[in-house]
Amino acid sequence: MPFVNRYPSVDHLHQLAKRRLPKFSYDYVDGGTGPEVGRNRNRDAIEAIELVPRYLTKWCEPNIETELFGRRYAAPFGISPMGLASLQWPEAELHFARAGCAANIPVTLSTACTVEMEEFARLAGDCAWFQLYPPKDEAVSDDLIKRAGDCGISAMFVTVDVPARGWQPRDMYNGLSVPPRLTPATIWNAAIRPKWSVATLASGMPHFKTLGRYSNDKSMRGMADFVSDQLGRPVTTERLKRIRDKWTGDLILKGVMHAADAEAAIEIGYNGILVSNHGGRQLDAAPSSIEVLPDIVSAVGDRATGMIDSGFSNGLDVVKAFALGAKFVFCGRAFMWGVSAMGSKGPGHVAELMADEVKTTLVQVGCPKLSDLNESWLWAPDPGNRPSLRRSGRTY
Ligand SMILES: Cc1cc2nc3c(=O)[nH]c(=O)nc-3n(C[C@H](O)[C@H](O)[C@H](O)COP(=O)(O)O)c2cc1C
């Protein structure tokens, strides 16, 4: 049976991943912060958007190639950075890198990755992006930026929405830690997922390879303690300036939920803004990123490229984001479900599925060009209230 019939949607991959992964590993990806209202709000808000099709438009084949920072990508979406990805499947980030390169979409490596940045960049080619959590030690931060430049990475996210570690009850309950704590519960959870356990044991326990090398203590525990001490603190505008001075490539502020943060970043010289609530993993009371998108892209105008992530899991979602003003969409969990369910073949399959869904949706709505989409495709009870979802008075 062809892949597309066996796994016709990211939801199918998600269900399969749930059956394949130990509970602690599945929960790490699936979970949000606190009571997880915010994580669900992301999906609810996207799903509540309705698009009005136009059938009597001039037909032409949709072209979903998208230009971003002067480079043409094959599709309007990319892979978000996700730390500790090898907990889902060995060397997950390298599978993302290969898939991103083959599909010609941006693929981002997290500071908290479990592979070496240089190997990732070699495999991802000119689709490689890096995400910086500015570490406490500025010398470490400077070196990471230098390494990213040296290995040919052209674009970098600076994540600001982790001023403190997220409060993630599922991980706390499961006793998730690096290296894993061997309790009867974790051993049992791994034992009943033999495919994952055999693959993970064969490849070795995941640890923070790119950042851990700066730790004096090279034991797994020592490196994990170092990483946790370096990350998860507020980022100041002075720090953002320093990063701007050191990095010559495209620079995107990740985790923007307020127009004032976008303004501050643009003033410093950042040329991209990623509207994101970290997939509902930081502040549970944060609005969904799609709700704040229209206000932020209108504040940003053409001074920077406005992009979005958090809750996007299919091509239809991507089209909705473009109708609301996004210029690019990033997806995290969708690709993680791909690698968790299908191993090395998963991320490429997700990219293909999503690209096909974007094309089909464009045909369905009667708008062959992504760049022609705008709020006039959105259904709202009172058209005078467009484009802001919040102002439309609808409830999500
Ligand atoms: C398991 C996991 C780990 C993550 N790790 C990071 C990270 O290291 N750095 C970062 O900037 N964002 C991280 N994020 C947030 C993603 O980059 C992205 O903003 C979020 O996943 C988007 O929401 P989605 O998963 O609904 O697509 C992580 C998300 C997940 C699910």
# chains A, B, ... in the order shown; residues from 1 in each chain; ligands from 1

$ residues_near_ligand --ligand "ligand 1" --cutoff "7 Å" --atoms "only C-alpha atoms and all ligand atoms" --output "compact mmCIF listing (two decimals) with all heavy atoms, in the first residue's frame"
# COMPACT_ATOMS: atom_id res chain seq x y z
N TYR A 28 6.30 14.14 26.21
CA TYR A 28 7.25 15.26 26.07
C TYR A 28 6.89 16.11 24.84
O TYR A 28 6.94 17.35 24.89
CB TYR A 28 8.68 14.71 25.96
CG TYR A 28 9.67 15.75 25.50
CD1 TYR A 28 9.91 16.90 26.24
CD2 TYR A 28 10.35 15.61 24.28
CE1 TYR A 28 10.80 17.88 25.81
CE2 TYR A 28 11.24 16.56 23.83
CZ TYR A 28 11.46 17.70 24.60
OH TYR A 28 12.32 18.67 24.15
N VAL A 29 6.49 15.46 23.76
CA VAL A 29 6.16 16.21 22.54
C VAL A 29 4.72 16.70 22.56
O VAL A 29 4.42 17.85 22.25
CB VAL A 29 6.40 15.32 21.29
CG1 VAL A 29 5.89 16.01 20.03
CG2 VAL A 29 7.87 15.01 21.15
N ASP A 30 3.83 15.81 22.94
CA ASP A 30 2.41 16.13 22.85
C ASP A 30 1.99 17.20 23.87
O ASP A 30 1.08 17.98 23.61
CB ASP A 30 1.59 14.85 23.09
CG ASP A 30 0.12 15.04 22.78
OD1 ASP A 30 -0.18 15.42 21.63
OD2 ASP A 30 -0.71 14.84 23.68
N SER A 80 10.18 23.55 12.50
CA SER A 80 10.55 24.34 13.70
C SER A 80 11.67 23.64 14.47
O SER A 80 11.81 22.41 14.41
CB SER A 80 9.36 24.45 14.65
OG SER A 80 8.27 25.10 14.07
N PRO A 81 12.42 24.41 15.26
CA PRO A 81 13.44 23.78 16.11
C PRO A 81 12.78 23.03 17.27
O PRO A 81 11.84 23.54 17.88
CB PRO A 81 14.22 24.98 16.65
CG PRO A 81 13.23 26.12 16.63
CD PRO A 81 12.35 25.87 15.43
N MET A 82 13.29 21.84 17.55
CA MET A 82 12.77 21.08 18.70
C MET A 82 13.93 20.41 19.43
O MET A 82 14.67 19.61 18.84
CB MET A 82 11.75 20.04 18.23
CG MET A 82 10.40 20.67 17.87
SD MET A 82 9.29 19.52 17.07
CE MET A 82 10.05 19.34 15.48
N GLY A 83 14.06 20.77 20.71
CA GLY A 83 15.14 20.22 21.51
C GLY A 83 14.88 18.77 21.88
O GLY A 83 13.73 18.32 21.84
N LEU A 84 15.93 18.07 22.17
CA LEU A 84 15.87 16.68 22.66
C LEU A 84 15.08 15.77 21.70
O LEU A 84 14.38 14.86 22.11
CB LEU A 84 15.23 16.68 24.06
CG LEU A 84 15.46 15.46 24.96
CD1 LEU A 84 16.94 15.14 25.07
CD2 LEU A 84 14.88 15.70 26.35
N ALA A 85 15.23 16.05 20.41
CA ALA A 85 14.41 15.34 19.42
C ALA A 85 14.75 13.85 19.35
O ALA A 85 13.88 13.02 19.02
CB ALA A 85 14.57 15.98 18.05
N SER A 110 17.72 23.10 16.91
CA SER A 110 17.61 23.78 18.21
C SER A 110 18.97 23.85 18.90
O SER A 110 19.82 22.97 18.73
CB SER A 110 16.65 22.97 19.09
OG SER A 110 16.82 23.30 20.45
N THR A 111 19.15 24.88 19.74
CA THR A 111 20.33 24.93 20.62
C THR A 111 20.38 23.67 21.49
O THR A 111 21.46 23.17 21.81
CB THR A 111 20.24 26.16 21.56
OG1 THR A 111 20.10 27.34 20.77
CG2 THR A 111 21.45 26.28 22.44
N ALA A 112 19.20 23.19 21.88
CA ALA A 112 19.13 22.02 22.77
C ALA A 112 19.06 20.72 21.95
O ALA A 112 18.36 19.78 22.33
CB ALA A 112 17.92 22.14 23.69
N CYS A 113 19.79 20.68 20.86
CA CYS A 113 19.72 19.52 19.97
C CYS A 113 20.56 18.35 20.50
O CYS A 113 21.42 18.53 21.37
CB CYS A 113 20.19 19.90 18.57
SG CYS A 113 21.89 20.49 18.57
N GLN A 131 18.59 27.72 15.61
CA GLN A 131 17.81 28.46 16.62
C GLN A 131 18.67 28.65 17.85
O GLN A 131 19.21 27.68 18.39
CB GLN A 131 16.53 27.68 16.98
CG GLN A 131 15.74 28.27 18.14
CD GLN A 131 16.11 27.62 19.47
OE1 GLN A 131 16.50 26.45 19.50
NE2 GLN A 131 16.03 28.36 20.56
N TYR A 133 18.93 29.76 21.71
CA TYR A 133 18.47 30.20 23.03
C TYR A 133 19.69 30.89 23.60
O TYR A 133 20.69 30.21 23.88
CB TYR A 133 18.20 28.99 23.94
CG TYR A 133 16.88 28.31 23.80
CD1 TYR A 133 16.83 26.92 23.69
CD2 TYR A 133 15.68 29.01 23.85
CE1 TYR A 133 15.61 26.24 23.61
CE2 TYR A 133 14.47 28.34 23.76
CZ TYR A 133 14.43 26.96 23.64
OH TYR A 133 13.25 26.30 23.56
N THR A 159 15.17 32.72 20.13
CA THR A 159 13.93 32.44 20.87
C THR A 159 13.90 33.24 22.16
O THR A 159 14.83 33.17 22.97
CB THR A 159 13.84 30.93 21.18
OG1 THR A 159 13.85 30.23 19.94
CG2 THR A 159 12.57 30.59 21.94
N LYS A 254 11.96 34.83 17.53
CA LYS A 254 10.97 33.74 17.65
C LYS A 254 10.28 33.83 19.01
O LYS A 254 10.95 33.93 20.04
CB LYS A 254 11.68 32.38 17.52
CG LYS A 254 10.75 31.18 17.69
CD LYS A 254 11.50 29.87 17.41
CE LYS A 254 10.58 28.67 17.42
NZ LYS A 254 10.12 28.26 18.74
N SER A 276 4.61 33.24 17.59
CA SER A 276 4.63 31.87 18.13
C SER A 276 4.36 31.91 19.62
O SER A 276 4.82 32.82 20.32
CB SER A 276 6.02 31.26 17.89
OG SER A 276 6.19 30.06 18.62
N ASN A 277 3.60 30.94 20.11
CA ASN A 277 3.51 30.78 21.57
C ASN A 277 4.17 29.45 21.98
O ASN A 277 3.77 28.83 22.96
CB ASN A 277 2.08 30.92 22.10
CG ASN A 277 1.15 29.85 21.55
OD1 ASN A 277 1.60 28.79 21.11
ND2 ASN A 277 -0.15 30.10 21.59
N HIS A 278 5.17 29.04 21.17
CA HIS A 278 5.98 27.88 21.49
C HIS A 278 5.12 26.61 21.52
O HIS A 278 5.37 25.68 22.29
CB HIS A 278 6.67 28.08 22.85
CG HIS A 278 8.04 27.48 22.96
ND1 HIS A 278 9.19 28.22 22.88
CD2 HIS A 278 8.46 26.19 23.15
CE1 HIS A 278 10.25 27.43 23.04
NE2 HIS A 278 9.82 26.18 23.20
N GLY A 279 4.09 26.60 20.67
CA GLY A 279 3.22 25.42 20.64
C GLY A 279 2.45 25.21 21.94
O GLY A 279 2.11 24.08 22.28
N ASP A 309 4.14 30.07 13.79
CA ASP A 309 4.02 28.65 14.10
C ASP A 309 3.09 28.49 15.30
O ASP A 309 2.58 29.48 15.82
CB ASP A 309 5.38 27.94 14.29
CG ASP A 309 6.03 28.15 15.66
OD1 ASP A 309 5.40 28.71 16.59
OD2 ASP A 309 7.19 27.74 15.82
N SER A 310 2.87 27.28 15.73
CA SER A 310 2.05 26.87 16.88
C SER A 310 0.67 26.39 16.46
O SER A 310 -0.24 27.19 16.22
CB SER A 310 1.91 27.99 17.93
OG SER A 310 3.18 28.30 18.46
N GLY A 311 0.58 25.07 16.32
CA GLY A 311 -0.72 24.44 16.05
C GLY A 311 -0.96 24.06 14.60
O GLY A 311 -2.03 23.57 14.26
N PHE A 312 0.02 24.27 13.72
CA PHE A 312 -0.19 24.00 12.29
C PHE A 312 0.16 22.56 11.96
O PHE A 312 1.29 22.13 12.20
CB PHE A 312 0.64 24.98 11.44
CG PHE A 312 0.15 26.39 11.61
CD1 PHE A 312 0.60 27.16 12.67
CD2 PHE A 312 -0.80 26.91 10.76
CE1 PHE A 312 0.12 28.45 12.87
CE2 PHE A 312 -1.30 28.19 10.95
CZ PHE A 312 -0.83 28.96 12.01
N SER A 313 -0.80 21.83 11.43
CA SER A 313 -0.48 20.42 11.18
C SER A 313 -0.96 19.92 9.83
O SER A 313 -0.93 18.72 9.59
CB SER A 313 -1.04 19.54 12.30
OG SER A 313 -2.43 19.52 12.26
N PHE A 330 5.81 27.68 10.13
CA PHE A 330 6.69 26.62 10.65
C PHE A 330 5.86 25.61 11.45
O PHE A 330 4.82 25.96 12.02
CB PHE A 330 7.81 27.22 11.51
CG PHE A 330 8.92 27.76 10.66
CD1 PHE A 330 8.83 29.02 10.10
CD2 PHE A 330 10.03 26.99 10.37
CE1 PHE A 330 9.83 29.50 9.27
CE2 PHE A 330 11.04 27.46 9.55
CZ PHE A 330 10.94 28.72 8.99
N CYS A 331 6.30 24.37 11.44
CA CYS A 331 5.56 23.30 12.12
C CYS A 331 6.54 22.49 12.95
O CYS A 331 7.62 22.12 12.46
CB CYS A 331 4.93 22.34 11.11
SG CYS A 331 3.92 23.15 9.89
N GLY A 332 6.15 22.20 14.18
CA GLY A 332 6.99 21.40 15.06
C GLY A 332 6.49 19.98 15.16
O GLY A 332 6.99 19.05 14.52
N ARG A 333 5.42 19.82 15.95
CA ARG A 333 4.96 18.46 16.27
C ARG A 333 4.64 17.65 15.01
O ARG A 333 4.86 16.44 15.00
CB ARG A 333 3.75 18.53 17.18
CG ARG A 333 4.06 19.07 18.59
CD ARG A 333 2.82 19.03 19.45
NE ARG A 333 2.98 19.60 20.77
CZ ARG A 333 2.78 20.88 21.07
NH1 ARG A 333 2.43 21.74 20.12
NH2 ARG A 333 2.92 21.30 22.32
N ALA A 334 4.11 18.29 13.97
CA ALA A 334 3.74 17.53 12.76
C ALA A 334 4.93 16.69 12.27
O ALA A 334 4.79 15.51 11.95
CB ALA A 334 3.27 18.48 11.66

$ residues_around --residues "A:Ser371" --least-positions-apart "6" --cutoff "9 Å" --atoms "only C-alpha atoms" --output "list of chain:residue names"
A:Thr66, A:Phe322, A:Ala323, A:Lys327

$ residues_around --residues "A:Asn5" --least-positions-apart "5" --cutoff "12 Å" --atoms "only C-alpha atoms" --output "list in words"
His12, Leu13, His349 and Leu353 of chain A

$ residues_around --residues "A:Val365" --least-positions-apart "5" --cutoff "7 Å" --atoms "only C-alpha atoms" --output "PyMOL selection string"
chain A and resi 52-54

$ select_by_dssp --residues "stretch 27-232 of chain A" --states "helix (DSSP H, G or I)" --output "number ranges by chain"
A: 27-30, 37-48, 85-87, 92-103, 117-127, 138-150, 169-174, 184-191, 194-203, 209-212, 220-230

$ select_by_dssp --residues "stretch 21-250 of chain A" --states "strand (DSSP E or B)" --output "NGL selection string"
:A and (51 or 63 or 66-68 or 71-73 or 77-79 or 107-109 or 128-132 or 155-159 or 250)

$ atom_distance --atom1 "atom CA of A:Ala99" --atom2 "atom CA of A:Ala121"
12.4 Å
